[in-house]
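K.L.:
Before anything else, here's the structure in question.
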Amino acid sequence: MTSRDDIMIEITPQVLLKAYSCGIFPMAESADDPALYWIEPQQRGILPLDNVHIPRRLARTIRTTPLEVRIDTNFEGVIDGCAAARPGRRSTWINGRIRMLYRDLFQQGHCHTIEVWQNGELVGGLYGVAVGAAFFGESMFSTQRDASKIALVHLVARLIHGGFVLLDTQFVTDHLRQFGTVEVDRDEFHRQLDEALKHKGGDFHAFPAMPEPEQVLATIDRRAPV
């Protein structure tokens with residue numbers, strides 16, 4: 001389900017948070033289009049936090065990589081990376097209104113970034129929005145092999161440790177499917193979202209700012225089925 005907003009209607013950060021709590025999120029047709037679409041997919045992607053699969057090669061990379069992971073230090077760099085053109089994609093859905101709204105949410109502590117750095121350069125990351133014990137993943141990027149995957153693994157560990165119970169990926173891609181992302185119908189998504197909004201967890205900063213790789217992997221392993 002999609003609907004195009006009237007560009008004269010003011011969408012504030014508070015309106016955006018309410019939209020997330022109702023299961024909808026905004027996108028733009030292109031970076032040059034000032035209007036937003038409100039989207040509520042019939043089939044929603046979620047990554048169950050009690051059944052996350054980390055590929056063996058990636059786990060080995062996380063243990064040995066010199067890449068550094070930081071939290072909430074460079075929102076502008078992350079959204080620039082997510083909006084940049086990539087092979088096979090000339091345009092982006094991140095327009096000026098999206099940037100402004102999520103920048104405001106970041107400043108208010110509702111939007112968060114996971115950033116992957118190499119020698120002082122931002123080479124990958126993701127951003128999303130926390131509401132209650134639900135985290136809504138928005139976009140990710142990578143200019144270095146495995147950087148966005150490393151960011152996602154660190155996000156999952158942080159969410160588990162912080163008491164989150166729902167990770168919304170919006171859609172399912174091959175990139176996400178390898179970690180265990182599944183599709184649920186709209187009714188099931190709303191059931192899980194309602195539970196997450198009632199839950200007392202949801203502390204994004206409960207996990208150490210710069211955890212050791214083994215701590216990240218062990219946090220996820222404890223939630224994986226035996």
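All residue names refer to the structure tokens as shown: chains lettered A, B, ... in order, residues numbered from 1 in each chain, ligands numbered from 1 in order.
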For the strand (DSSP E or B) assignment from backbone DSSP, which residues of stretch 1-223 of chain A qualify? Please present them as JSON, numbers by chain.
P.N.:
{"A": [2, 3, 4, 25, 26, 27, 37, 38, 39, 43, 44, 45, 46, 68, 69, 70, 71, 86, 89, 111, 112, 113, 114, 115, 116, 117, 118, 121, 122, 123, 124, 125, 126, 127, 128, 129, 130, 131, 134, 135, 136, 137, 138, 139, 140, 141, 142, 166, 167, 168, 169, 170, 182, 183, 184, 185]}
K.L.:
Considering only C-alpha atoms, return as a PDB file with N, CA and C atoms, in the first residue's frame whatever protein or nucleic-acid residues lie within 6 Å of stretch 114-128 of chain A, sequence-local ones (same chain, fewer than 6 positions apart) excluded.
P.N.:
```pdb
ATOM      1  N   LEU A  67      39.018  -3.371  10.268  1.00  0.00           N
ATOM      2  CA  LEU A  67      37.982  -2.342  10.183  1.00  0.00           C
ATOM      3  C   LEU A  67      37.447  -2.021  11.572  1.00  0.00           C
ATOM      4  N   GLU A  68      37.145  -0.763  11.785  1.00  0.00           N
ATOM      5  CA  GLU A  68      36.670  -0.276  13.084  1.00  0.00           C
ATOM      6  C   GLU A  68      35.187   0.063  12.982  1.00  0.00           C
ATOM      7  N   VAL A  69      34.421  -0.321  13.979  1.00  0.00           N
ATOM      8  CA  VAL A  69      32.985  -0.043  13.995  1.00  0.00           C
ATOM      9  C   VAL A  69      32.691   1.026  15.045  1.00  0.00           C
ATOM     10  N   ARG A  70      31.984   2.061  14.623  1.00  0.00           N
ATOM     11  CA  ARG A  70      31.592   3.150  15.514  1.00  0.00           C
ATOM     12  C   ARG A  70      30.073   3.308  15.491  1.00  0.00           C
ATOM     13  N   ILE A  71      29.574   3.960  16.519  1.00  0.00           N
ATOM     14  CA  ILE A  71      28.131   4.135  16.685  1.00  0.00           C
ATOM     15  C   ILE A  71      27.798   5.619  16.769  1.00  0.00           C
ATOM     16  N   PHE A 136      13.795  -0.159  13.087  1.00  0.00           N
ATOM     17  CA  PHE A 136      13.394  -0.133  11.690  1.00  0.00           C
ATOM     18  C   PHE A 136      14.613   0.203  10.837  1.00  0.00           C
ATOM     19  N   GLY A 137      15.177  -0.802  10.183  1.00  0.00           N
ATOM     20  CA  GLY A 137      16.330  -0.570   9.332  1.00  0.00           C
ATOM     21  C   GLY A 137      15.918   0.180   8.083  1.00  0.00           C
ATOM     22  N   GLU A 138      16.666   1.217   7.731  1.00  0.00           N
ATOM     23  CA  GLU A 138      16.308   2.054   6.589  1.00  0.00           C
ATOM     24  C   GLU A 138      17.181   1.795   5.367  1.00  0.00           C
ATOM     25  N   SER A 139      18.476   1.880   5.513  1.00  0.00           N
ATOM     26  CA  SER A 139      19.348   1.702   4.351  1.00  0.00           C
ATOM     27  C   SER A 139      20.754   1.380   4.824  1.00  0.00           C
ATOM     28  N   MET A 140      21.536   0.756   3.935  1.00  0.00           N
ATOM     29  CA  MET A 140      22.932   0.461   4.242  1.00  0.00           C
ATOM     30  C   MET A 140      23.763   0.652   2.987  1.00  0.00           C
ATOM     31  N   PHE A 141      25.059   0.785   3.183  1.00  0.00           N
ATOM     32  CA  PHE A 141      25.953   0.934   2.036  1.00  0.00           C
ATOM     33  C   PHE A 141      27.302   0.329   2.360  1.00  0.00           C
ATOM     34  N   SER A 142      28.084   0.113   1.318  1.00  0.00           N
ATOM     35  CA  SER A 142      29.420  -0.438   1.497  1.00  0.00           C
ATOM     36  C   SER A 142      30.290  -0.044   0.317  1.00  0.00           C
ATOM     37  N   THR A 143      31.478   0.449   0.605  1.00  0.00           N
ATOM     38  CA  THR A 143      32.480   0.677  -0.443  1.00  0.00           C
ATOM     39  C   THR A 143      33.673  -0.249  -0.264  1.00  0.00           C
ATOM     40  N   GLN A 144      33.601  -1.086   0.753  1.00  0.00           N
ATOM     41  CA  GLN A 144      34.659  -2.047   1.055  1.00  0.00           C
ATOM     42  C   GLN A 144      33.995  -3.404   1.278  1.00  0.00           C
ATOM     43  N   ALA A 147      31.720  -4.611   4.429  1.00  0.00           N
ATOM     44  CA  ALA A 147      31.523  -3.534   5.404  1.00  0.00           C
ATOM     45  C   ALA A 147      30.071  -3.441   5.860  1.00  0.00           C
ATOM     46  N   SER A 148      29.115  -3.507   4.936  1.00  0.00           N
ATOM     47  CA  SER A 148      27.713  -3.406   5.344  1.00  0.00           C
ATOM     48  C   SER A 148      27.278  -4.651   6.111  1.00  0.00           C
ATOM     49  N   ALA A 151      28.468  -4.197   9.606  1.00  0.00           N
ATOM     50  CA  ALA A 151      27.582  -3.246  10.283  1.00  0.00           C
ATOM     51  C   ALA A 151      26.302  -3.936  10.739  1.00  0.00           C
TER      52      ALA A 151
END
```
K.L.:
Which residue gives the smallest distance to A:Pro41 among A:Leu217, A:Val172, A:Ile11, A:Leu159, with only C-alpha atoms counted?
P.N.:
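Distance minimum relative to A:Pro41 lands on A:Val172.
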K.L.:
Just the number, please: distance in Å from atom CA of A:His112 to atom CA of A:Val129, one decimal.
P.N.:
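Answer for the atom CA of A:His112 to atom CA of A:Val129 separation: 6.2 Å.
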K.L.:
Would you compute the distance between atom CA of A:Phe106 and atom CA of A:Ala130? Give it in Å to one decimal.
P.N.:
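Straight-line distance from atom CA of A:Phe106 to atom CA of A:Ala130 works out to 10.2 Å.
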K.L.:
At a cut-off of 10 Å, using only C-alpha atoms, what residues contact stretch 174-177 of chain A? Leave out same-chain residues fewer than 6 positions from it and give the result as an MDAnalysis selection string.
P.N.:
chainID A and resid 45:47 53 148:149 152 183
K.L.:
DSSP says helix (DSSP H, G or I) for which residues of stretch 4-99 of chain A? Put them as number ranges by chain?
P.N.:
A: 13-21, 56-64, 75-83, 96-99
K.L.:
State, in Å with one decimal place, the distance from atom CA of A:Ile39 to atom CA of A:Pro26.
P.N.:
6.0 Å
K.L.:
Restricting the calculation to only C-alpha atoms: of A:Gly180, A:Ala59, A:Asp50, A:Arg97, which residue gets closest to A:Ile160?
P.N.:
A:Asp50
K.L.:
Compile a residue-level contact table for stretch 127-194 of chain A against stretch 210-216 of chain A at a cut-off of 8 Å, reporting for every qualifying residue the shortest atom pair and its distance in Å to one decimal, with only C-alpha atoms counted, rows ordered by chain and ascending number, as a tab-separated table.
P.N.:
```
residue	atom	partner	partner_atom	distance
A:Val153	CA	A:Val216	CA	7.6
A:His154	CA	A:Val216	CA	6.4
A:Ala157	CA	A:Val216	CA	5.5
A:Arg158	CA	A:Val216	CA	7.9
```
K.L.:
Could you write out that same residue set with all heavy atoms as a compact mmCIF listing (two decimals), in the first residue's frame?
P.N.:
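Output contents, as saved in again-v1.txt:
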```txt
# COMPACT_ATOMS: atom_id res chain seq x y z
N VAL A 153 25.80 -7.15 11.44
CA VAL A 153 26.07 -8.06 12.55
C VAL A 153 26.22 -7.28 13.85
O VAL A 153 25.68 -7.66 14.90
CB VAL A 153 27.32 -8.91 12.26
CG1 VAL A 153 27.74 -9.71 13.51
CG2 VAL A 153 27.06 -9.86 11.10
N HIS A 154 26.92 -6.17 13.81
CA HIS A 154 27.06 -5.34 15.01
C HIS A 154 25.71 -4.78 15.44
O HIS A 154 25.42 -4.68 16.64
CB HIS A 154 28.05 -4.20 14.75
CG HIS A 154 29.48 -4.58 14.98
ND1 HIS A 154 30.19 -4.16 16.09
CD2 HIS A 154 30.33 -5.36 14.25
CE1 HIS A 154 31.41 -4.66 16.04
NE2 HIS A 154 31.53 -5.37 14.93
N ALA A 157 23.75 -7.63 17.28
CA ALA A 157 24.25 -7.85 18.65
C ALA A 157 23.80 -6.72 19.58
O ALA A 157 23.40 -6.96 20.72
CB ALA A 157 25.78 -7.95 18.64
N ARG A 158 23.85 -5.51 19.09
CA ARG A 158 23.44 -4.35 19.89
C ARG A 158 21.95 -4.42 20.24
O ARG A 158 21.55 -4.11 21.37
CB ARG A 158 23.77 -3.07 19.12
CG ARG A 158 23.44 -1.77 19.84
CD ARG A 158 24.13 -0.61 19.16
NE ARG A 158 25.58 -0.75 19.28
CZ ARG A 158 26.27 -0.35 20.34
NH1 ARG A 158 25.67 0.25 21.36
NH2 ARG A 158 27.58 -0.52 20.37
```
K.L.:
Could you check which of A:Phe164, A:Pro34, A:Asp146, A:Asp80 is closest to A:His199, using only C-alpha atoms?
P.N.:
A:Phe164
K.L.:
Skip A:Asp203 itself and residues of its chain fewer than 3 positions away, then list as JSON, numbers by chain all residues within 7 Å of it, counting only C-alpha atoms.
P.N.:
{"A": [162, 163, 206]}
K.L.:
For the selection just defined, write its residues with N, CA and C atoms to a file, as a compact mmCIF listing (two decimals), in the first residue's frame.
P.N.:
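Result saved to out_34.txt:
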```txt
# COMPACT_ATOMS: atom_id res chain seq x y z
N GLY A 162 20.42 -4.93 23.93
CA GLY A 162 19.59 -3.83 24.41
C GLY A 162 18.14 -4.19 24.64
N GLY A 163 17.77 -5.45 24.44
CA GLY A 163 16.40 -5.87 24.73
C GLY A 163 15.40 -5.60 23.62
N ALA A 206 22.96 0.26 25.38
CA ALA A 206 23.32 -0.63 26.49
C ALA A 206 24.57 -1.44 26.17
```
K.L.:
Using only C-alpha atoms, which residue out of A:Val156, A:Pro13, A:Ala134, A:Arg63 lies closest to A:Ile220?
P.N.:
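Among the listed residues, the smallest separation from A:Ile220 belongs to A:Val156.
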K.L.:
Give the answer as one residue: which of A:Ala133, A:Ala85, A:Ile150, A:Val182 has the shortest atom-to-atom distance to A:Phe204, using only C-alpha atoms?
P.N.:
A:Ala133
K.L.:
Quick one: everything within 9 Å of A:Ala196, counting only C-alpha atoms, minus sequence neighbours fewer than 5 positions away in the same chain. Send it as a list in words.
P.N.:
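The neighbour list is Val131, Gly132, Ala133, Ala134, Phe164, Val165, Leu166, Arg191, Gly201 and Gly202 of chain A.
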K.L.:
Choose the residue, out of A:Phe135, A:Phe171, A:Trp38, A:Phe179, that has the smallest atom-to-atom separation from A:Gln192; count only C-alpha atoms.
P.N.:
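So, comparing all the options, the nearest one is A:Phe135.
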